[in-house]
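run.cif follows (mmCIF, C-alpha atoms):
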```cif
data_start
loop_
_atom_site.group_PDB
_atom_site.id
_atom_site.type_symbol
_atom_site.label_atom_id
_atom_site.label_comp_id
_atom_site.auth_asym_id
_atom_site.auth_seq_id
_atom_site.Cartn_x
_atom_site.Cartn_y
_atom_site.Cartn_z
ATOM 1 C CA MET B 1 270.480 55.216 -120.019
ATOM 2 C CA GLY B 2 268.751 54.821 -123.366
ATOM 3 C CA LEU B 3 266.916 51.642 -124.255
ATOM 4 C CA ARG B 4 269.132 50.831 -127.241
ATOM 5 C CA ARG B 5 272.228 50.942 -125.070
ATOM 6 C CA HIS B 6 270.491 48.912 -122.394
ATOM 7 C CA LEU B 7 269.516 46.148 -124.794
ATOM 8 C CA HIS B 8 272.992 46.093 -126.290
ATOM 9 C CA ARG B 9 274.477 45.513 -122.875
ATOM 10 C CA HIS B 10 271.946 42.845 -121.902
ATOM 11 C CA PRO B 11 272.096 40.081 -124.529
ATOM 12 C CA GLU B 12 269.258 37.599 -124.455
ATOM 13 C CA PRO B 13 271.328 34.649 -123.153
ATOM 14 C CA GLY B 14 272.341 36.693 -120.111
ATOM 15 C CA ILE B 15 268.792 37.764 -119.395
ATOM 16 C CA ARG B 16 267.554 34.192 -119.748
ATOM 17 C CA ALA B 17 270.237 32.972 -117.352
ATOM 18 C CA LEU B 18 269.371 35.716 -114.880
ATOM 19 C CA MET B 19 265.720 34.722 -114.895
ATOM 20 C CA SER B 20 266.062 30.945 -114.786
ATOM 21 C CA THR B 21 268.571 30.031 -112.079
ATOM 22 C CA ALA B 22 268.121 26.858 -110.038
ATOM 23 C CA THR B 23 267.804 28.187 -106.482
ATOM 24 C CA PRO B 24 267.140 31.886 -106.970
ATOM 25 C CA THR B 25 266.259 34.851 -104.868
ATOM 26 C CA GLU B 26 262.977 35.870 -106.486
ATOM 27 C CA VAL B 27 262.493 39.530 -107.316
ATOM 28 C CA GLY B 28 259.336 41.190 -108.636
ATOM 29 C CA LEU B 29 259.295 44.449 -110.600
ATOM 30 C CA LEU B 30 256.033 46.406 -110.773
ATOM 31 C CA LEU B 31 255.857 49.101 -113.464
ATOM 32 C CA ALA B 32 253.841 52.133 -112.381
ATOM 33 C CA PRO B 33 252.121 54.358 -114.968
ATOM 34 C CA GLY B 34 254.684 56.768 -116.391
ATOM 35 C CA PHE B 35 257.607 54.662 -115.180
ATOM 36 C CA SER B 36 261.110 55.424 -116.416
ATOM 37 C CA VAL B 37 262.842 52.942 -118.711
ATOM 38 C CA GLY B 38 266.101 54.596 -117.665
ATOM 39 C CA SER B 39 265.573 53.758 -113.997
ATOM 40 C CA LEU B 40 264.433 50.249 -114.893
ATOM 41 C CA GLY B 41 267.618 49.790 -116.916
ATOM 42 C CA ALA B 42 269.784 51.066 -114.055
ATOM 43 C CA LEU B 43 268.225 48.550 -111.678
ATOM 44 C CA LEU B 44 268.629 45.758 -114.223
ATOM 45 C CA ASP B 45 272.306 46.711 -114.460
ATOM 46 C CA VAL B 46 272.700 45.860 -110.776
ATOM 47 C CA PHE B 47 271.005 42.498 -111.288
ATOM 48 C CA ARG B 48 273.147 41.806 -114.354
ATOM 49 C CA ALA B 49 276.331 42.640 -112.468
ATOM 50 C CA LEU B 50 275.380 40.105 -109.801
ATOM 51 C CA GLN B 51 275.088 37.521 -112.549
ATOM 52 C CA GLU B 52 278.347 38.494 -114.258
ATOM 53 C CA LEU B 53 280.184 38.314 -110.954
ATOM 54 C CA GLU B 54 278.747 34.819 -110.433
ATOM 55 C CA THR B 55 277.213 35.747 -107.109
ATOM 56 C CA PRO B 56 273.660 35.099 -105.812
ATOM 57 C CA ASP B 57 271.212 33.658 -108.338
ATOM 58 C CA LEU B 58 268.187 35.796 -109.103
ATOM 59 C CA LYS B 59 264.860 35.100 -110.718
ATOM 60 C CA MET B 60 263.107 38.210 -111.951
ATOM 61 C CA SER B 61 259.480 38.789 -112.924
ATOM 62 C CA VAL B 62 258.150 42.034 -114.419
ATOM 63 C CA PHE B 63 254.473 42.989 -114.088
ATOM 64 C CA ALA B 64 252.389 45.904 -115.352
ATOM 65 C CA ALA B 65 248.749 46.744 -115.912
ATOM 66 C CA PRO B 66 247.664 46.503 -119.568
ATOM 67 C CA GLY B 67 248.468 49.706 -121.419
ATOM 68 C CA THR B 68 251.087 50.899 -118.922
ATOM 69 C CA GLN B 69 253.261 53.423 -120.746
ATOM 70 C CA ALA B 70 256.757 54.612 -119.901
ATOM 71 C CA ASP B 71 257.447 58.317 -119.567
ATOM 72 C CA ASP B 72 260.710 58.169 -121.512
ATOM 73 C CA TRP B 73 260.071 55.497 -124.161
ATOM 74 C CA PRO B 74 257.246 55.527 -126.742
ATOM 75 C CA TYR B 75 256.792 51.765 -127.088
ATOM 76 C CA PRO B 76 255.231 49.165 -124.767
ATOM 77 C CA TRP B 77 257.633 47.434 -122.409
ATOM 78 C CA PRO B 78 257.308 43.627 -122.260
ATOM 79 C CA ALA B 79 255.734 42.653 -118.958
ATOM 80 C CA ALA B 80 253.257 40.141 -117.619
ATOM 81 C CA ASP B 81 249.817 41.413 -116.635
ATOM 82 C CA LEU B 82 249.348 42.303 -112.992
ATOM 83 C CA PRO B 83 248.223 39.185 -111.108
ATOM 84 C CA PRO B 84 245.044 39.167 -108.985
ATOM 85 C CA ALA B 85 247.302 38.910 -105.923
ATOM 86 C CA LEU B 86 251.035 39.213 -105.419
ATOM 87 C CA PRO B 87 252.716 35.773 -105.484
ATOM 88 C CA GLU B 88 253.783 34.834 -101.962
ATOM 89 C CA ARG B 89 256.958 33.172 -103.239
ATOM 90 C CA ILE B 90 258.331 36.596 -104.252
ATOM 91 C CA ARG B 91 259.619 38.365 -101.153
ATOM 92 C CA HIS B 92 261.422 41.284 -102.816
ATOM 93 C CA TRP B 93 259.393 43.883 -104.726
ATOM 94 C CA PHE B 94 260.462 47.004 -106.622
ATOM 95 C CA VAL B 95 257.907 49.585 -107.785
ATOM 96 C CA ILE B 96 259.450 51.380 -110.766
ATOM 97 C CA GLY B 97 258.257 54.968 -111.066
ATOM 98 C CA GLY B 98 259.165 58.038 -113.062
ATOM 99 C CA PRO B 99 258.531 61.791 -112.847
ATOM 100 C CA ALA B 100 256.607 62.793 -109.751
ATOM 101 C CA ARG B 101 252.872 62.211 -109.948
ATOM 102 C CA LEU B 102 250.342 61.085 -107.386
ATOM 103 C CA PRO B 103 249.092 57.478 -107.363
ATOM 104 C CA ASP B 104 245.615 56.813 -108.724
ATOM 105 C CA PRO B 105 243.497 54.971 -106.115
ATOM 106 C CA GLN B 106 241.421 53.474 -108.953
ATOM 107 C CA HIS B 107 244.409 51.928 -110.718
ATOM 108 C CA PRO B 108 244.842 48.126 -110.478
ATOM 109 C CA LEU B 109 248.377 48.574 -109.132
ATOM 110 C CA TYR B 110 247.017 50.584 -106.205
ATOM 111 C CA HIS B 111 244.623 47.798 -105.204
ATOM 112 C CA LEU B 112 247.366 45.186 -105.577
ATOM 113 C CA LEU B 113 249.791 47.093 -103.348
ATOM 114 C CA ALA B 114 247.088 47.775 -100.769
ATOM 115 C CA THR B 115 246.906 44.019 -100.176
ATOM 116 C CA GLY B 116 250.675 43.482 -100.322
ATOM 117 C CA SER B 117 252.482 41.766 -97.474
ATOM 118 C CA ARG B 118 253.992 44.109 -94.886
ATOM 119 C CA TYR B 119 256.573 41.409 -94.227
ATOM 120 C CA ALA B 120 258.065 41.460 -97.724
ATOM 121 C CA CYS B 121 260.965 43.679 -98.763
ATOM 122 C CA TRP B 122 259.689 46.755 -100.647
ATOM 123 C CA ALA B 123 261.531 49.332 -102.750
ATOM 124 C CA GLY B 124 260.208 52.371 -104.609
ATOM 125 C CA ILE B 125 262.041 54.259 -107.346
ATOM 126 C CA ALA B 126 261.107 57.926 -107.934
ATOM 127 C CA HIS B 127 257.299 58.212 -107.732
ATOM 128 C CA GLY B 128 257.157 54.460 -107.138
ATOM 129 C CA SER B 129 257.808 55.444 -103.515
ATOM 130 C CA LEU B 130 254.551 57.410 -103.504
ATOM 131 C CA TRP B 131 252.643 54.271 -104.484
ATOM 132 C CA LEU B 132 254.168 52.458 -101.517
ATOM 133 C CA ALA B 133 253.388 55.328 -99.156
ATOM 134 C CA ALA B 134 249.804 55.770 -100.357
ATOM 135 C CA THR B 135 249.019 52.076 -99.883
ATOM 136 C CA GLY B 136 250.479 51.863 -96.381
ATOM 137 C CA LEU B 137 253.611 49.897 -97.209
ATOM 138 C CA LEU B 138 255.855 52.650 -95.816
ATOM 139 C CA ASP B 139 253.869 53.208 -92.616
ATOM 140 C CA GLY B 140 256.242 53.776 -89.713
ATOM 141 C CA HIS B 141 259.301 53.760 -91.964
ATOM 142 C CA GLU B 142 261.706 56.485 -92.968
ATOM 143 C CA ALA B 143 261.512 57.270 -96.682
ATOM 144 C CA THR B 144 262.404 59.891 -99.249
ATOM 145 C CA LEU B 145 259.376 61.136 -101.193
ATOM 146 C CA ASN B 146 258.983 63.666 -103.981
ATOM 147 C CA THR B 147 255.406 64.957 -103.882
ATOM 148 C CA PRO B 148 254.439 66.917 -107.012
ATOM 149 C CA GLU B 149 251.646 69.027 -105.557
ATOM 150 C CA ASP B 150 251.089 71.143 -102.467
ATOM 151 C CA GLU B 151 247.997 69.473 -101.123
ATOM 152 C CA TYR B 152 246.943 67.552 -98.059
ATOM 153 C CA LEU B 153 247.845 63.881 -98.367
ATOM 154 C CA PRO B 154 246.832 62.015 -95.204
ATOM 155 C CA TRP B 155 249.095 59.043 -95.865
ATOM 156 C CA LEU B 156 252.201 61.248 -95.763
ATOM 157 C CA GLY B 157 251.697 61.591 -92.012
ATOM 158 C CA ARG B 158 252.358 57.881 -91.586
ATOM 159 C CA VAL B 159 255.811 58.109 -93.161
ATOM 160 C CA ARG B 160 258.921 59.607 -91.593
ATOM 161 C CA ARG B 161 260.362 61.838 -94.308
ATOM 162 C CA CYS B 162 264.109 61.970 -94.892
ATOM 163 C CA ALA B 163 266.151 64.352 -97.042
ATOM 164 C CA ARG B 164 268.554 61.812 -98.533
ATOM 165 C CA VAL B 165 268.486 60.899 -102.212
ATOM 166 C CA VAL B 166 268.386 57.201 -101.257
ATOM 167 C CA CYS B 167 266.860 56.051 -97.981
ATOM 168 C CA ALA B 168 267.110 52.539 -96.529
ATOM 169 C CA ASP B 169 265.100 51.737 -93.410
ATOM 170 C CA ARG B 170 265.055 48.078 -92.425
ATOM 171 C CA ASP B 171 263.416 46.286 -95.381
ATOM 172 C CA ARG B 172 262.160 49.443 -97.095
ATOM 173 C CA PHE B 173 264.147 51.263 -99.782
ATOM 174 C CA THR B 174 263.211 54.512 -101.505
ATOM 175 C CA CYS B 175 264.971 56.961 -103.795
ATOM 176 C CA LEU B 176 264.121 60.483 -104.834
ATOM 177 C CA SER B 177 264.711 60.290 -108.577
ATOM 178 C CA ASN B 178 265.267 57.933 -111.488
ATOM 179 C CA SER B 179 269.000 58.602 -111.435
ATOM 180 C CA ALA B 180 269.300 57.045 -107.988
ATOM 181 C CA ALA B 181 267.900 53.657 -109.073
ATOM 182 C CA ARG B 182 271.352 52.089 -109.230
ATOM 183 C CA ASP B 183 272.228 53.307 -105.738
ATOM 184 C CA LEU B 184 268.917 51.983 -104.433
ATOM 185 C CA GLY B 185 269.754 48.625 -105.997
ATOM 186 C CA LEU B 186 273.140 48.662 -104.264
ATOM 187 C CA ALA B 187 271.459 49.428 -100.929
ATOM 188 C CA TRP B 188 269.229 46.402 -101.502
ATOM 189 C CA VAL B 189 272.268 44.216 -102.266
ATOM 190 C CA THR B 190 273.862 45.396 -99.016
ATOM 191 C CA HIS B 191 270.719 44.516 -97.069
ATOM 192 C CA CYS B 192 270.110 41.120 -98.657
ATOM 193 C CA PHE B 193 273.688 39.934 -99.124
ATOM 194 C CA SER B 194 276.601 42.080 -97.907
ATOM 195 C CA ALA B 195 278.232 45.490 -98.137
ATOM 196 C CA ALA B 196 281.288 43.844 -99.673
ATOM 197 C CA LEU B 197 279.206 42.453 -102.527
ATOM 198 C CA ALA B 198 277.504 45.827 -103.053
ATOM 199 C CA ASN B 199 280.920 47.493 -103.298
ATOM 200 C CA GLN B 200 282.018 44.883 -105.816
ATOM 201 C CA VAL B 201 278.917 45.461 -107.956
ATOM 202 C CA ASP B 202 279.389 49.232 -107.692
ATOM 203 C CA SER B 203 283.004 49.033 -108.825
ATOM 204 C CA TYR B 204 282.057 46.665 -111.624
ATOM 205 C CA LEU B 205 279.493 49.099 -113.023
ATOM 206 C CA LEU B 206 281.703 52.147 -112.545
ATOM 207 C CA ALA B 207 284.586 50.529 -114.395
ATOM 208 C CA GLU B 208 282.251 49.422 -117.177
ATOM 209 C CA ARG B 209 280.888 52.918 -117.745
ATOM 210 C CA THR B 210 284.115 54.870 -117.323
ATOM 211 C CA PRO B 211 286.457 55.266 -120.322
ATOM 212 C CA THR B 212 289.609 53.267 -119.683
ATOM 213 C CA GLU B 213 292.185 51.420 -121.713
ATOM 214 C CA ARG B 214 291.457 48.268 -119.740
ATOM 215 C CA ALA B 215 288.776 45.780 -120.696
ATOM 216 C CA PRO B 216 285.856 47.018 -118.579
ATOM 217 C CA PHE B 217 284.725 43.710 -117.108
ATOM 218 C CA THR B 218 288.268 42.565 -116.312
ATOM 219 C CA ALA B 219 289.192 45.904 -114.770
ATOM 220 C CA SER B 220 286.147 45.899 -112.519
ATOM 221 C CA ARG B 221 287.021 42.525 -111.063
ATOM 222 C CA HIS B 222 290.513 43.651 -110.118
ATOM 223 C CA LEU B 223 289.837 47.032 -108.556
ATOM 224 C CA PRO B 224 291.663 47.313 -105.229
ATOM 225 C CA ASP B 225 289.315 46.947 -102.278
ATOM 226 C CA SER B 226 290.242 50.409 -101.015
ATOM 227 C CA LEU B 227 289.355 51.916 -104.394
ATOM 228 C CA ARG B 228 285.957 50.218 -104.282
ATOM 229 C CA GLU B 229 285.462 51.696 -100.831
ATOM 230 C CA ALA B 230 286.431 55.138 -102.141
ATOM 231 C CA ASN B 231 283.846 54.886 -104.938
ATOM 232 C CA SER B 232 281.204 53.838 -102.440
ATOM 233 C CA LEU B 233 282.053 56.755 -100.151
ATOM 234 C CA MET B 234 281.650 59.200 -103.026
ATOM 235 C CA HIS B 235 278.235 57.829 -103.958
ATOM 236 C CA SER B 236 277.148 57.861 -100.313
ATOM 237 C CA ASN B 237 278.231 61.448 -99.659
ATOM 238 C CA ILE B 238 276.678 63.538 -102.424
ATOM 239 C CA GLN B 239 275.135 66.318 -100.353
ATOM 240 C CA GLU B 240 278.212 66.843 -98.181
ATOM 241 C CA PRO B 241 281.183 65.872 -100.362
ATOM 242 C CA LEU B 242 284.347 64.617 -98.755
ATOM 243 C CA SER B 243 287.757 65.998 -99.640
ATOM 244 C CA ALA B 244 290.275 63.753 -101.390
ATOM 245 C CA ASP B 245 292.299 63.687 -98.169
ATOM 246 C CA GLU B 246 289.239 62.546 -96.203
ATOM 247 C CA VAL B 247 288.424 59.808 -98.713
ATOM 248 C CA ALA B 248 292.019 58.584 -98.676
ATOM 249 C CA SER B 249 292.114 58.578 -94.880
ATOM 250 C CA LEU B 250 288.804 56.714 -94.568
ATOM 251 C CA VAL B 251 289.924 53.935 -96.916
ATOM 252 C CA GLY B 252 293.381 53.730 -95.351
ATOM 253 C CA VAL B 253 295.662 54.904 -98.170
ATOM 254 C CA SER B 254 297.633 58.043 -98.922
ATOM 255 C CA ARG B 255 296.178 60.760 -101.103
ATOM 256 C CA ARG B 256 298.948 60.153 -103.619
ATOM 257 C CA GLN B 257 298.041 56.464 -103.851
ATOM 258 C CA LEU B 258 294.377 57.357 -104.340
ATOM 259 C CA GLU B 259 295.299 59.743 -107.151
ATOM 260 C CA ARG B 260 297.424 57.071 -108.834
ATOM 261 C CA TRP B 261 294.536 54.598 -108.725
ATOM 262 C CA TYR B 262 292.013 57.014 -110.250
ATOM 263 C CA LYS B 263 294.470 57.852 -113.000
ATOM 264 C CA GLU B 264 295.236 54.180 -113.669
ATOM 265 C CA TYR B 265 291.706 52.775 -113.554
ATOM 266 C CA PHE B 266 289.521 55.707 -114.597
ATOM 267 C CA ASN B 267 291.888 58.144 -116.353
ATOM 268 C CA SER B 268 290.724 60.846 -113.954
ATOM 269 C CA SER B 269 291.491 62.396 -110.598
ATOM 270 C CA PRO B 270 289.484 61.749 -107.418
ATOM 271 C CA ALA B 271 288.140 65.310 -107.484
ATOM 272 C CA ARG B 272 287.051 65.196 -111.148
ATOM 273 C CA TYR B 273 285.531 61.755 -110.746
ATOM 274 C CA TYR B 274 283.614 62.853 -107.637
ATOM 275 C CA LEU B 275 282.400 66.024 -109.360
ATOM 276 C CA GLN B 276 281.094 64.024 -112.314
ATOM 277 C CA ILE B 277 279.131 61.731 -109.994
ATOM 278 C CA ARG B 278 277.510 64.765 -108.355
ATOM 279 C CA LEU B 279 276.760 66.461 -111.674
ATOM 280 C CA GLU B 280 275.154 63.324 -113.109
ATOM 281 C CA GLN B 281 273.006 63.097 -109.991
ATOM 282 C CA ALA B 282 272.070 66.771 -110.342
ATOM 283 C CA ARG B 283 271.226 66.348 -114.022
ATOM 284 C CA HIS B 284 268.808 63.509 -113.395
ATOM 285 C CA MET B 285 267.195 65.332 -110.483
ATOM 286 C CA LEU B 286 266.825 68.381 -112.710
ATOM 287 C CA LEU B 287 264.993 66.403 -115.381
ATOM 288 C CA ASN B 288 262.976 64.090 -113.155
ATOM 289 C CA THR B 289 261.963 66.000 -110.019
ATOM 290 C CA HIS B 290 260.170 69.217 -109.137
ATOM 291 C CA LEU B 291 262.956 70.454 -106.876
ATOM 292 C CA SER B 292 264.167 73.962 -107.605
ATOM 293 C CA ILE B 293 267.618 74.515 -109.075
ATOM 294 C CA ALA B 294 268.747 75.965 -105.745
ATOM 295 C CA GLU B 295 267.494 72.862 -103.901
ATOM 296 C CA ILE B 296 269.262 70.570 -106.365
ATOM 297 C CA ALA B 297 272.473 72.554 -105.937
ATOM 298 C CA VAL B 298 272.330 72.072 -102.165
ATOM 299 C CA THR B 299 271.345 68.391 -102.437
ATOM 300 C CA THR B 300 274.323 67.636 -104.672
ATOM 301 C CA GLY B 301 276.850 69.480 -102.552
ATOM 302 C CA PHE B 302 277.434 72.784 -104.347
ATOM 303 C CA SER B 303 278.176 75.906 -102.331
ATOM 304 C CA SER B 304 275.755 78.081 -104.310
ATOM 305 C CA PRO B 305 273.407 77.932 -107.306
ATOM 306 C CA ALA B 306 275.901 80.062 -109.234
ATOM 307 C CA HIS B 307 278.739 77.609 -108.613
ATOM 308 C CA PHE B 308 276.454 74.737 -109.570
ATOM 309 C CA ALA B 309 275.428 76.498 -112.798
ATOM 310 C CA THR B 310 279.063 77.131 -113.746
ATOM 311 C CA CYS B 311 280.064 73.491 -113.217
ATOM 312 C CA TYR B 312 276.932 72.206 -114.946
ATOM 313 C CA ARG B 313 277.445 74.382 -118.016
ATOM 314 C CA LYS B 314 281.069 73.276 -118.290
ATOM 315 C CA ALA B 315 280.101 69.590 -118.085
ATOM 316 C CA PHE B 316 276.968 69.540 -120.265
ATOM 317 C CA GLY B 317 277.235 72.627 -122.462
ATOM 318 C CA GLN B 318 274.064 74.310 -121.192
ATOM 319 C CA SER B 319 272.781 75.929 -118.036
ATOM 320 C CA PRO B 320 270.592 74.027 -115.545
ATOM 321 C CA SER B 321 267.613 76.228 -116.422
ATOM 322 C CA ALA B 322 268.051 75.534 -120.148
ATOM 323 C CA ALA B 323 268.281 71.798 -119.486
ATOM 324 C CA ARG B 324 265.036 71.870 -117.527
ATOM 325 C CA GLN B 325 263.233 73.823 -120.268
ATOM 326 C CA ARG B 326 264.374 71.455 -123.023
ATOM 327 C CA PRO B 327 265.076 68.076 -121.439
ATOM 328 C CA SER B 328 266.834 65.630 -123.698
ATOM 329 C CA ARG B 329 265.443 62.129 -124.083
#
```

Go ahead and render the structure in this file as structure tokens.
Amino acid sequence: MGLRRHLHRHPEPGIRALMSTATPTEVGLLLAPGFSVGSLGALLDVFRALQELETPDLKMSVFAAPGTQADDWPYPWPAADLPPALPERIRHWFVIGGPARLPDPQHPLYHLLATGSRYACWAGIAHGSLWLAATGLLDGHEATLNTPEDEYLPWLGRVRRCARVVCADRDRFTCLSNSAARDLGLAWVTHCFSAALANQVDSYLLAERTPTERAPFTASRHLPDSLREANSLMHSNIQEPLSADEVASLVGVSRRQLERWYKEYFNSSPARYYLQIRLEQARHMLLNTHLSIAEIAVTTGFSSPAHFATCYRKAFGQSPSAARQRPSR
């Protein structure tokens, strides 16, 4: 998501309210060198949805070392300087990364994380997960990591690698690419609050982004519970997609009813909607990871690289290889 669109959808009064609630859950965001503004915006969308839905109060603080530059935005991002030590009052930390690169042990963020509390809740987006792993905050936990180089990294042996795009293990959350930041945020909401609230936030954001004749915010608040569950199932089963019949059965409705809902709320069919979710995931992995096109095809549930390329070209007007050669900003 571009910065202009992000700022348009986050007016200053809303941001001020989000950051100044009376009895908040305090959240800290740490911007790693080369972080992605797109992934930061996706995570902020989750926090904003919590506010719009009048659910748990949040207080958010953003920190970065002086001169920290985003990978996908040419201007400085407003953030407080990294503190000498992480404030103990903040128990939920997100390290916002970007394209895969190894952490610098001489960077101030590295030293700060190395002294971070193992008892806090930690989340890493894209290469933000590598910062957590390198500083010991993922020791003994399952995590998804995208390492950019084939070299010996001793700290990788202390982490149990998983192949999922988003991995949640107790109070540790990691995601493979920038595009999965929203899903990581939803996993955090599930952990800290409830799965029902995460489904509500998910449906809220889906309805807001999907073309529909309904007012987006109103529509999101009135999505049937079973439709919210269907959306959540689709996002949770990218690598091994479910059939429309399976989705309908799992949420307890008929396939025909599911099709009516997707037509009514999203002007789509379950199959087309599901395919678009997978293609968007593939597109972001293509532009933000070092995985091969064949690996991305498998990870996003396509039967072959050729089938993936055909679907991708139809959706975005160019082949996966062309998109990787000339990524759009």

With the file shown as input, list the residues that the PyMOL selection byres ((chain B and resi 170) around 10) selects, as an NGL selection string. :B and (121-122 or 141-142 or 167-169 or 171-173 or 191)

Output check: residues returned by the PyMOL selection byres ((chain B and resi 312) around 10), as a short mmCIF file (atom, residue, chain, number, x, y, z; two decimals) with C-alpha atoms, keeping the file's coordinate frame:
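Okay, part-v1.cif is ready:
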```cif
data_model
loop_
_atom_site.label_atom_id
_atom_site.label_comp_id
_atom_site.auth_asym_id
_atom_site.auth_seq_id
_atom_site.Cartn_x
_atom_site.Cartn_y
_atom_site.Cartn_z
CA LEU B 275 282.40 66.02 -109.36
CA GLN B 276 281.09 64.02 -112.31
CA ARG B 278 277.51 64.76 -108.36
CA LEU B 279 276.76 66.46 -111.67
CA GLU B 280 275.15 63.32 -113.11
CA ALA B 282 272.07 66.77 -110.34
CA ARG B 283 271.23 66.35 -114.02
CA ALA B 306 275.90 80.06 -109.23
CA HIS B 307 278.74 77.61 -108.61
CA PHE B 308 276.45 74.74 -109.57
CA ALA B 309 275.43 76.50 -112.80
CA THR B 310 279.06 77.13 -113.75
CA CYS B 311 280.06 73.49 -113.22
CA ARG B 313 277.44 74.38 -118.02
CA LYS B 314 281.07 73.28 -118.29
CA ALA B 315 280.10 69.59 -118.08
CA PHE B 316 276.97 69.54 -120.26
CA GLY B 317 277.24 72.63 -122.46
CA GLN B 318 274.06 74.31 -121.19
CA SER B 319 272.78 75.93 -118.04
CA PRO B 320 270.59 74.03 -115.54
CA ALA B 323 268.28 71.80 -119.49
#
```

Applied to this file, what does the PyMOL selection byres ((chain B and resi 83) around 10) return in terms of residues, put as a ChimeraX atom specification? /B:63-65,80-82,84-87,108-109,112

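Distances from B:Gln239, B:Val298, B:Cys192, B:Arg324 to Leu286 of chain B were compared using all atoms listed in the file, and the smallest one belongs to B:Arg324.
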
Interatomic distance, atom CA of Leu153 of chain B to atom CA of Ile296 of chain B (Å, one decimal):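 Spanning atom CA of Leu153 of chain B to atom CA of Ile296 of chain B is a straight-line distance of 23.8 Å.
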
For Leu233 of chain B, which residue out of B:Ala297, B:Tyr274, B:Trp261, B:Val46 is the nearest one, using only C-alpha atoms? B:Tyr274

How far is it from atom CA of Thr68 of chain B to atom CA of Phe35 of chain B, in Å with one decimal? 8.4 Å

Would you kindly return, as an MDAnalysis selection string, each protein, DNA or RNA residue with an atom no farther than 12 Å from any atom of Arg182 of chain B, considering only C-alpha atoms and excluding same-chain residues fewer than 4 positions away? chainID B and resid 1 38:49 125:126 165:166 173:178 186:189 198 201:202 205:206 235 281

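When atom CA of Phe193 of chain B is paired with atom CA of Val27 of chain B, their separation reads 13.9 Å.
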
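In this comparison, which uses all atoms listed in the file, the residue of B:Pro241, B:Gly140, B:Gly124, B:Pro270 approaching Leu227 of chain B most closely is B:Pro270.
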
Which residue gives the smallest distance to Asn231 of chain B among B:Leu132, B:Ala114, B:Val253, B:Ile277, with all atoms listed in the file counted? B:Ile277

Expected file content for segment 258-272 of chain B, N, CA and C atoms, as a PDB file, in the first residue's frame:
```
ATOM      1  N   LEU B 258     -22.884 -19.516   0.249  1.00  0.00           N
ATOM      2  CA  LEU B 258     -21.571 -18.872   0.229  1.00  0.00           C
ATOM      3  C   LEU B 258     -21.406 -18.040  -1.040  1.00  0.00           C
ATOM      4  N   GLU B 259     -21.815 -18.585  -2.165  1.00  0.00           N
ATOM      5  CA  GLU B 259     -21.714 -17.855  -3.430  1.00  0.00           C
ATOM      6  C   GLU B 259     -22.575 -16.595  -3.414  1.00  0.00           C
ATOM      7  N   ARG B 260     -23.763 -16.687  -2.832  1.00  0.00           N
ATOM      8  CA  ARG B 260     -24.629 -15.504  -2.749  1.00  0.00           C
ATOM      9  C   ARG B 260     -23.972 -14.411  -1.912  1.00  0.00           C
ATOM     10  N   TRP B 261     -23.363 -14.808  -0.796  1.00  0.00           N
ATOM     11  CA  TRP B 261     -22.709 -13.818   0.068  1.00  0.00           C
ATOM     12  C   TRP B 261     -21.555 -13.117  -0.643  1.00  0.00           C
ATOM     13  N   TYR B 262     -20.708 -13.879  -1.338  1.00  0.00           N
ATOM     14  CA  TYR B 262     -19.564 -13.251  -2.008  1.00  0.00           C
ATOM     15  C   TYR B 262     -20.023 -12.329  -3.136  1.00  0.00           C
ATOM     16  N   LYS B 263     -21.110 -12.690  -3.776  1.00  0.00           N
ATOM     17  CA  LYS B 263     -21.663 -11.807  -4.804  1.00  0.00           C
ATOM     18  C   LYS B 263     -22.233 -10.545  -4.169  1.00  0.00           C
ATOM     19  N   GLU B 264     -22.944 -10.688  -3.063  1.00  0.00           N
ATOM     20  CA  GLU B 264     -23.603  -9.559  -2.415  1.00  0.00           C
ATOM     21  C   GLU B 264     -22.606  -8.595  -1.780  1.00  0.00           C
ATOM     22  N   TYR B 265     -21.626  -9.140  -1.050  1.00  0.00           N
ATOM     23  CA  TYR B 265     -20.726  -8.287  -0.280  1.00  0.00           C
ATOM     24  C   TYR B 265     -19.474  -7.872  -1.036  1.00  0.00           C
ATOM     25  N   PHE B 266     -19.000  -8.719  -1.954  1.00  0.00           N
ATOM     26  CA  PHE B 266     -17.722  -8.448  -2.606  1.00  0.00           C
ATOM     27  C   PHE B 266     -17.807  -8.419  -4.129  1.00  0.00           C
ATOM     28  N   ASN B 267     -19.011  -8.602  -4.676  1.00  0.00           N
ATOM     29  CA  ASN B 267     -19.193  -8.624  -6.131  1.00  0.00           C
ATOM     30  C   ASN B 267     -18.217  -9.591  -6.791  1.00  0.00           C
ATOM     31  N   SER B 268     -18.101 -10.776  -6.227  1.00  0.00           N
ATOM     32  CA  SER B 268     -17.162 -11.778  -6.712  1.00  0.00           C
ATOM     33  C   SER B 268     -17.734 -13.153  -6.401  1.00  0.00           C
ATOM     34  N   SER B 269     -16.976 -14.167  -6.764  1.00  0.00           N
ATOM     35  CA  SER B 269     -17.314 -15.536  -6.377  1.00  0.00           C
ATOM     36  C   SER B 269     -16.284 -15.995  -5.353  1.00  0.00           C
ATOM     37  N   PRO B 270     -16.582 -17.031  -4.570  1.00  0.00           N
ATOM     38  CA  PRO B 270     -15.569 -17.523  -3.627  1.00  0.00           C
ATOM     39  C   PRO B 270     -14.261 -17.897  -4.315  1.00  0.00           C
ATOM     40  N   ALA B 271     -14.350 -18.546  -5.467  1.00  0.00           N
ATOM     41  CA  ALA B 271     -13.134 -18.984  -6.163  1.00  0.00           C
ATOM     42  C   ALA B 271     -12.311 -17.800  -6.644  1.00  0.00           C
ATOM     43  N   ARG B 272     -12.954 -16.790  -7.238  1.00  0.00           N
ATOM     44  CA  ARG B 272     -12.213 -15.620  -7.730  1.00  0.00           C
ATOM     45  C   ARG B 272     -11.614 -14.830  -6.573  1.00  0.00           C
TER      46      ARG B 272
END
```
